[in-house]
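Visitor: Sharing a structure here in structure tokens format.
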Amino acid sequence: MIEIKNLHKSYEMGANSLHVLKGINFSVKDGELVAIMGSSGSGKSTLLNILGMLDTADAGTYHLDNIKIANMDETKAANYRNKFLGFVFQSFNLINYKDALENVALPLYYQGLPRKDRQKVGLEYLDKVGLKEWSDHLPSELSGGQKQRVAIARAMASNPKVLLADEPTGALDSTTSREVMALIQRINNEGKTILVVTHENDIANMCKRIVHLKDGIIVEDKKIKQNIIKDV
Ligand code: ADP
Ligand code: MG
């Protein structure tokens with residue numbers, strides 16, 4: 001599903017250059033649930049943003065579903081992003097003046113789906129995350145966990161090939177984090193390929209594989225015995 005080879009990324013700041021990714025090699029198969037671990041500043045978000053086509057690498061290759069991701073113009077990149085990738089962020093990134101259903105349905109608007117279908121699919125996905133009854137509530141009327149579930153529904157509504165989550169539990173208490181991870185496990189068990197960036201061990205242990213980044217290289221990449229969440 002994902003194959004990257006010898007990926008490099010630097011940030012230029014005036015005369016200085018910060019080499020953040022220093023030759024990353026890894027691949028992710030269909031249906032995996034991978035945690036990308038590492039301390040703050042180790043390059044996790046940089047890597048995820050490149051995988052999510054929100055940023056580009058300086059060197060190396062990236063194949064997503066056997067398609068080479070390189071030198072695309074912004075229109076084509078946006079198309080691929082919409083079709084192939086779903087994003088979940090620490091800060092939810094919901095639109096404040098739109099209700100839960102409108103937030104979930106918005107990406108479908110950009111895919112050109114008629115209004116009726118957007119509503120139908122949107123409700124379907126809100127239902128999947130247990131929030132059908134909350135469809136007309138604004139983000140300000142939802143708890144942190146509910147907001148993140150709306151964000152997950154929004155990311156899933158366009159049926160992406162890969163779900164990318166950058167610290168999805170970073171703003172949540174531990175009970176709510178477990179609920180969100182239980183949902184991520186369920187979506188993964190239904191077949192979705194998912195990458196979760198985290199710096200917390202217990203969150204990483206809820207995945208099936210841990211890739212450990214340190215100073216811009218992968219220092220460890222191992223399959224683990226998944227901590228399956230049952231009591232939610
Ligand atoms: P992580 O997500 O693991 O905390 P990041 O990928 O966000 O790490 O950042 C890695 C390093 O790159 C950090 O030192 C950060 O300050 C720097 N960095 C991230 N984004 C930028 C940017 N747009 N411009 C300059 N430096 C950046
Ligand atoms: Mg980060």
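Ligands are numbered from 1 in the order shown, chains are lettered A, B, ... in the order of the structure tokens, and residues start at 1 in each chain.
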May I have all residues of range 9-62 of chain A that DSSP, computed from the backbone, assigns to helix (DSSP H, G or I), given as JSON, numbers by chain?

Guide: {"A": [44, 45, 46, 47, 48, 49, 50, 51]}

Visitor: With C-alpha atoms retained, export the selected residues as an mmCIF file, in the first residue's frame.

Guide:
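Everything below was put into again01.cif:
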data_model
loop_
_atom_site.group_PDB
_atom_site.id
_atom_site.type_symbol
_atom_site.label_atom_id
_atom_site.label_comp_id
_atom_site.auth_asym_id
_atom_site.auth_seq_id
_atom_site.Cartn_x
_atom_site.Cartn_y
_atom_site.Cartn_z
ATOM 1 C CA LYS A 44 6.905 12.081 12.925
ATOM 2 C CA SER A 45 4.601 14.793 11.612
ATOM 3 C CA THR A 46 7.007 15.599 8.793
ATOM 4 C CA LEU A 47 6.903 11.962 7.704
ATOM 5 C CA LEU A 48 3.125 11.720 8.031
ATOM 6 C CA ASN A 49 2.626 14.946 6.075
ATOM 7 C CA ILE A 50 4.745 13.595 3.225
ATOM 8 C CA LEU A 51 2.828 10.302 3.273
#

Visitor: Tell me, counting only C-alpha atoms, for each residue of range 77-170 of chain A within 6 Å of range 195-205 of chain A, which pair of atoms is nearest and how far apart they are in Å to one decimal, in rows ordered by chain and increasing number, as CSV.

Guide:
residue,atom,partner,partner_atom,distance
A:Leu164,CA,A:Leu195,CA,5.0
A:Ala165,CA,A:Val196,CA,4.8
A:Asp166,CA,A:Val197,CA,4.8
A:Glu167,CA,A:Thr198,CA,4.9

Visitor: With C-alpha atoms kept, could you save the residues just selected as a short mmCIF file (atom, residue, chain, number, x, y, z; two decimals), in the first residue's frame?

Guide:
data_model
loop_
_atom_site.label_atom_id
_atom_site.label_comp_id
_atom_site.auth_asym_id
_atom_site.auth_seq_id
_atom_site.Cartn_x
_atom_site.Cartn_y
_atom_site.Cartn_z
CA LEU A 164 -3.41 8.92 8.72
CA ALA A 165 -3.78 10.10 12.30
CA ASP A 166 -1.33 12.59 13.85
CA GLU A 167 -1.52 12.29 17.66
#

Visitor: Which of these residues is nearest to Leu106 in chain A, using only C-alpha atoms: A:Met156, A:Glu141, A:Val129, A:Glu12?

Guide: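 Of A:Met156, A:Glu141, A:Val129, A:Glu12, the one nearest Leu106 in chain A is A:Met156, counting only C-alpha atoms.
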
Visitor: At most 6 Å is the cut-off: for each residue in chain A with any atom that close to an atom of ligand 1, write down the nearest atom pair and the distance in Å rounded to one decimal, counting only C-alpha atoms and all ligand atoms, chain first then increasing number, as a Markdown table.

Guide:
| residue | atom | partner | partner_atom_place_in_ligand_line | distance |
| --- | --- | --- | --- | --- |
| A:Tyr11 | CA | ligand 1 | 25 (C) | 4.9 |
| A:Val20 | CA | ligand 1 | 12 (O) | 5.5 |
| A:Ser39 | CA | ligand 1 | 3 (O) | 6.0 |
| A:Ser40 | CA | ligand 1 | 4 (O) | 3.7 |
| A:Gly41 | CA | ligand 1 | 8 (O) | 3.5 |
| A:Ser42 | CA | ligand 1 | 3 (O) | 3.9 |
| A:Gly43 | CA | ligand 1 | 6 (O) | 3.2 |
| A:Lys44 | CA | ligand 1 | 3 (O) | 3.7 |
| A:Ser45 | CA | ligand 1 | 2 (O) | 3.7 |
| A:Thr46 | CA | ligand 1 | 6 (O) | 3.7 |

Visitor: Where in range 58-220 of chain A does DSSP assign strand (DSSP E), given as number ranges by chain?

Guide: A: 59-64, 67-68, 85-89, 162-166, 193-197, 209-214, 217-220

Visitor: Keeping C-alpha atoms for every residue in the selection just given, could you write it to a file as a compact mmCIF listing (two decimals), in the first residue's frame?

Guide:
# COMPACT_ATOMS: atom_id res chain seq x y z
CA ALA A 59 14.86 12.98 -2.12
CA GLY A 60 13.73 9.39 -2.22
CA THR A 61 10.66 7.71 -3.65
CA TYR A 62 7.12 7.27 -2.43
CA HIS A 63 4.63 4.84 -3.92
CA LEU A 64 1.04 4.82 -2.73
CA ILE A 67 1.36 4.92 -7.91
CA LYS A 68 4.49 7.02 -7.81
CA LEU A 85 -6.14 9.62 2.08
CA GLY A 86 -8.07 10.41 5.23
CA PHE A 87 -6.62 12.64 7.95
CA VAL A 88 -7.21 12.89 11.65
CA PHE A 89 -5.42 15.54 13.74
CA VAL A 162 -5.21 4.89 4.09
CA LEU A 163 -6.16 6.70 7.29
CA LEU A 164 -3.41 8.92 8.72
CA ALA A 165 -3.78 10.10 12.30
CA ASP A 166 -1.33 12.59 13.85
CA THR A 193 -4.85 0.56 6.58
CA ILE A 194 -4.07 3.01 9.39
CA LEU A 195 -0.98 4.93 10.54
CA VAL A 196 -1.08 6.52 13.97
CA VAL A 197 1.57 9.00 15.10
CA ARG A 209 3.37 -2.65 14.62
CA ILE A 210 5.62 0.05 16.00
CA VAL A 211 8.01 2.09 13.89
CA HIS A 212 10.37 4.08 16.08
CA LEU A 213 11.85 7.32 14.73
CA LYS A 214 14.87 8.95 16.30
CA ILE A 217 15.96 7.71 11.03
CA ILE A 218 14.04 4.55 11.86
CA VAL A 219 15.82 2.92 14.79
CA GLU A 220 13.32 0.13 15.32

Visitor: My list of candidates is A:Asp136, A:Asp73, A:Glu3, A:Asp65. Which is closest to Val104 in chain A when distances are computed with only C-alpha atoms?

Guide: A:Asp136

Visitor: Using only C-alpha atoms, which protein or nucleic acid residues come within 12 Å of Gly122 in chain A? Drop anything in the same chain fewer than 3 positions from it, and give the result as number ranges by chain.

Guide: A: 99-109, 113-119, 125-129, 131-132, 134-136, 150-159
